[in-house]
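What follows is a single structure, written as structure tokens, with notes after it.
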Amino acid sequence: MHREQAPSRGRRETAINSSNATHYGSCFCGAVRIAVRGEPLGMGYCHCQSCRSWSASPVNAFTLWKSADVALESGAELVETYHQTPRSFRKWCRKCGGHVMTDHPLWGLIDVFAAVLPTLAFQPAVHVNYAESVLPNRDGLPKLHDFPKDLGGSGISVPE
Ligand SMILES: [Zn+2]
Ligand SMILES: [Zn+2]
């Protein structure tokens with residue numbers, strides 16, 4: 001379903017990414033509500049097989065936050081977690097199945113899926129795990145074979 005970006009409504013929503021803004025998001029049914037504070041540390045697309053398989057989509061649009069800047073506002077008792085590796089704890093709502101976030105405890109970061117945060121201006125800067133891509137994207141952004149060096153990856157760039 002295509003939806004126009006919602007216009008700003010009141011002081012709890014803003015389309016501008018500023019350091020003290022708070023953005024709110026929810027699962028598909030709305031029972032799980034989250035809030036993120038400040039600015040994401042990174043935004044982009046992950047093409048890895050795990051993200052694709054779990055999200056049932058060809059790519060995952062991520063926004064990375066410090067764990068301390070992400071809060072569950074409601075529905076915490078409905079949040080289920082599954083992890084295949086100690087790097088990624090994937091979280092969703094038990095009531096509707098809607099995906100909300102992936103906790104990366106070894107990095108101290110949480111990926112709140114860009115689609116979950118309607119008021120955050122999504123400004124992707126990088127494609128990661130592009131070697132596994134099934135959806136080539138010639139947008140001119142850097143394409144990394146796996147992860148950046150500062151997240152333990154090779155940092156190697158690959159062609160679009
Ligand atoms: Zn839900
Ligand atoms: Zn991934």
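The chains in the structure tokens are called A, B, ... from first to last as shown; in each chain the residues are counted from 1, and the ligands are counted from 1 in the order shown.
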Contacts of Ala61 of chain A at 8 Å or less, counting only C-alpha atoms, minus same-chain residues fewer than 5 places along, as a count of residues only?
7
_List as a PyMOL selection string the protein and nucleic acid residues near Ser26 of chain A, meaning an atom at most 9 Å away when only C-alpha atoms are counted, but skip any in the same chain fewer than 5 places from it._
chain A and resi 31-35+98+100+116-117
Output N, CA and C atoms of each residue in that selection to a file, as a compact mmCIF listing (two decimals), in the first residue's frame.
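Below is the file out_25.txt, written as the result:
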# COMPACT_ATOMS: atom_id res chain seq x y z
N ALA A 31 -0.42 -1.55 18.94
CA ALA A 31 -0.35 -1.87 20.37
C ALA A 31 1.05 -1.62 20.94
N VAL A 32 2.07 -1.88 20.11
CA VAL A 32 3.45 -1.63 20.55
C VAL A 32 3.85 -0.26 20.03
N ARG A 33 4.16 0.65 20.96
CA ARG A 33 4.57 1.99 20.56
C ARG A 33 5.98 2.24 21.07
N ILE A 34 6.78 2.84 20.20
CA ILE A 34 8.14 3.14 20.60
C ILE A 34 8.44 4.62 20.37
N ALA A 35 9.44 5.10 21.07
CA ALA A 35 9.90 6.48 20.88
C ALA A 35 11.41 6.45 20.71
N GLY A 98 3.63 -7.52 13.33
CA GLY A 98 4.37 -6.40 12.75
C GLY A 98 5.77 -6.27 13.34
N VAL A 100 9.24 -4.46 14.42
CA VAL A 100 9.48 -3.16 15.03
C VAL A 100 10.95 -2.76 14.99
N VAL A 116 8.97 2.12 10.26
CA VAL A 116 8.24 2.22 11.53
C VAL A 116 8.19 3.67 12.04
N LEU A 117 9.03 4.54 11.46
CA LEU A 117 9.15 5.91 11.96
C LEU A 117 8.70 6.91 10.89
Taking the DSSP assignment computed from this structure's backbone, write out as a PyMOL selection string all residues of chain A that belong to strand (DSSP E or B). chain A and resi 22-26+33-37+42-46+60-66+70-74+79-85+88-93+99-104+109-112+126-128+143-144+157
| request: Give me the residues within 6 Å of Asp103 of chain A as an MDAnalysis selection string, counting only C-alpha atoms and dropping any in the same chain fewer than 2 places off. | output: chainID A and resid 88:89 105 110
Exercise for the section: Can you work out which one of A:Val70, A:Cys48, A:Gly42, A:Val112 has the shortest atom-to-atom distance to Pro124 of chain A, counting only C-alpha atoms? Expected result: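 Under the stated criterion, the closest residue is A:Gly42.
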Mind checking which residues fall within 8 Å of segment 147-155 of chain A, counting only C-alpha atoms, ignoring those fewer than 2 positions away in the same chain, and posting them as number ranges by chain?
-> A: 107, 128-129, 144-145, 157
Write out the residues from the selection above, keeping N, CA and C atoms, as a CSV table (one decimal), in the first residue's frame.
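Ended up saving to result.csv:
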chain,number,residue,atom,x,y,z
A,107,TRP,N,27.0,-4.2,19.4
A,107,TRP,CA,27.3,-2.8,18.9
A,107,TRP,C,26.7,-1.7,19.8
A,128,VAL,N,24.7,-1.7,2.9
A,128,VAL,CA,25.5,-2.7,3.5
A,128,VAL,C,25.1,-4.1,3.1
A,129,ASN,N,26.1,-5.0,3.1
A,129,ASN,CA,25.9,-6.4,2.7
A,129,ASN,C,25.4,-6.5,1.2
A,144,LEU,N,28.8,-1.3,0.3
A,144,LEU,CA,29.8,-2.1,1.0
A,144,LEU,C,29.5,-3.6,0.8
A,145,HIS,N,30.6,-4.3,0.6
A,145,HIS,CA,30.5,-5.8,0.4
A,145,HIS,C,29.8,-6.4,1.6
A,157,SER,N,34.4,-1.7,-0.6
A,157,SER,CA,33.4,-1.2,-1.5
A,157,SER,C,33.2,-2.1,-2.7
- Message: Please find the residues contacting ligand 1 at a distance of at most 7 Å between atoms, with only C-alpha atoms and all ligand atoms counted, and report them as an NGL selection string.
- Response: :A and (27-32 or 93-98)
What does the file look like for those residues with N, CA and C atoms, as a PDB file, in the first residue's frame?
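Output saved as out.pdb:
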ATOM      1  N   CYS A  27       3.988  -0.744  15.887  1.00  0.00           N
ATOM      2  CA  CYS A  27       3.833  -1.948  15.082  1.00  0.00           C
ATOM      3  C   CYS A  27       2.628  -1.785  14.164  1.00  0.00           C
ATOM      4  N   PHE A  28       2.319  -2.818  13.414  1.00  0.00           N
ATOM      5  CA  PHE A  28       1.232  -2.777  12.428  1.00  0.00           C
ATOM      6  C   PHE A  28      -0.118  -2.482  13.074  1.00  0.00           C
ATOM      7  N   CYS A  29      -0.396  -3.051  14.263  1.00  0.00           N
ATOM      8  CA  CYS A  29      -1.707  -2.851  14.907  1.00  0.00           C
ATOM      9  C   CYS A  29      -1.716  -1.656  15.844  1.00  0.00           C
ATOM     10  N   GLY A  30      -0.554  -1.154  16.207  1.00  0.00           N
ATOM     11  CA  GLY A  30      -0.489   0.029  17.059  1.00  0.00           C
ATOM     12  C   GLY A  30      -0.355  -0.263  18.543  1.00  0.00           C
ATOM     13  N   ALA A  31      -0.424  -1.546  18.938  1.00  0.00           N
ATOM     14  CA  ALA A  31      -0.353  -1.865  20.367  1.00  0.00           C
ATOM     15  C   ALA A  31       1.047  -1.624  20.939  1.00  0.00           C
ATOM     16  N   VAL A  32       2.068  -1.885  20.111  1.00  0.00           N
ATOM     17  CA  VAL A  32       3.450  -1.626  20.546  1.00  0.00           C
ATOM     18  C   VAL A  32       3.847  -0.257  20.029  1.00  0.00           C
ATOM     19  N   CYS A  93       5.662  -7.607  17.171  1.00  0.00           N
ATOM     20  CA  CYS A  93       4.462  -7.607  18.011  1.00  0.00           C
ATOM     21  C   CYS A  93       3.741  -8.943  17.894  1.00  0.00           C
ATOM     22  N   ARG A  94       3.499  -9.582  19.048  1.00  0.00           N
ATOM     23  CA  ARG A  94       2.825 -10.883  19.072  1.00  0.00           C
ATOM     24  C   ARG A  94       1.385 -10.799  18.559  1.00  0.00           C
ATOM     25  N   LYS A  95       0.742  -9.650  18.749  1.00  0.00           N
ATOM     26  CA  LYS A  95      -0.665  -9.492  18.380  1.00  0.00           C
ATOM     27  C   LYS A  95      -0.842  -9.412  16.860  1.00  0.00           C
ATOM     28  N   CYS A  96       0.016  -8.639  16.184  1.00  0.00           N
ATOM     29  CA  CYS A  96      -0.198  -8.410  14.745  1.00  0.00           C
ATOM     30  C   CYS A  96       0.923  -8.967  13.871  1.00  0.00           C
ATOM     31  N   GLY A  97       2.034  -9.355  14.482  1.00  0.00           N
ATOM     32  CA  GLY A  97       3.153  -9.855  13.691  1.00  0.00           C
ATOM     33  C   GLY A  97       4.003  -8.754  13.080  1.00  0.00           C
ATOM     34  N   GLY A  98       3.631  -7.517  13.332  1.00  0.00           N
ATOM     35  CA  GLY A  98       4.373  -6.396  12.749  1.00  0.00           C
ATOM     36  C   GLY A  98       5.770  -6.270  13.342  1.00  0.00           C
TER      37      GLY A  98
END
If you run DSSP on the backbone, which residues of segment 10-133 of chain A are alpha helix (DSSP H), as a ChimeraX atom specification?
/A:49-55
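Across A:Val158, A:Gly140, A:Gly25, A:Ala121, the tightest approach to Glu73 of chain A is made by A:Gly25 when counting only C-alpha atoms.
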Expressed in Å, the length from atom CA of Cys51 of chain A to atom CA of Val79 of chain A is 18.4 Å
| If you count only C-alpha atoms, which residues fall within 7 Å of Val36 of chain A, apart from same-chain ones fewer than 6 positions away, as a count of residues only? | 6
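Distance annotation: of A:Val59, A:Ala21, A:Leu41, A:Leu78, the residue with the minimal separation from Val134 of chain A is A:Val59; atom set is only C-alpha atoms.
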As a check of understanding: the span from atom CA of Pro58 of chain A to atom CA of Gly38 of chain A is 28.5 Å
So, counting only C-alpha atoms, which residue among A:Asp139, A:Asn60, A:Pro118, A:His47 is closest to His99 of chain A?
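Using only C-alpha atoms, the shortest distance to His99 of chain A belongs to A:Asn60.
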- Separation of atom CA of Ala125 of chain A from atom CA of Trp92 of chain A in Å: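 Answer for the atom CA of Trp92 of chain A to atom CA of Ala125 of chain A separation: 25.6 Å.
Of the residues listed (A:Arg138, A:Arg37, A:Lys66, A:His104), A:His104 shows the shortest atom-to-atom separation from ligand 2; distances use only C-alpha atoms and all ligand atoms.
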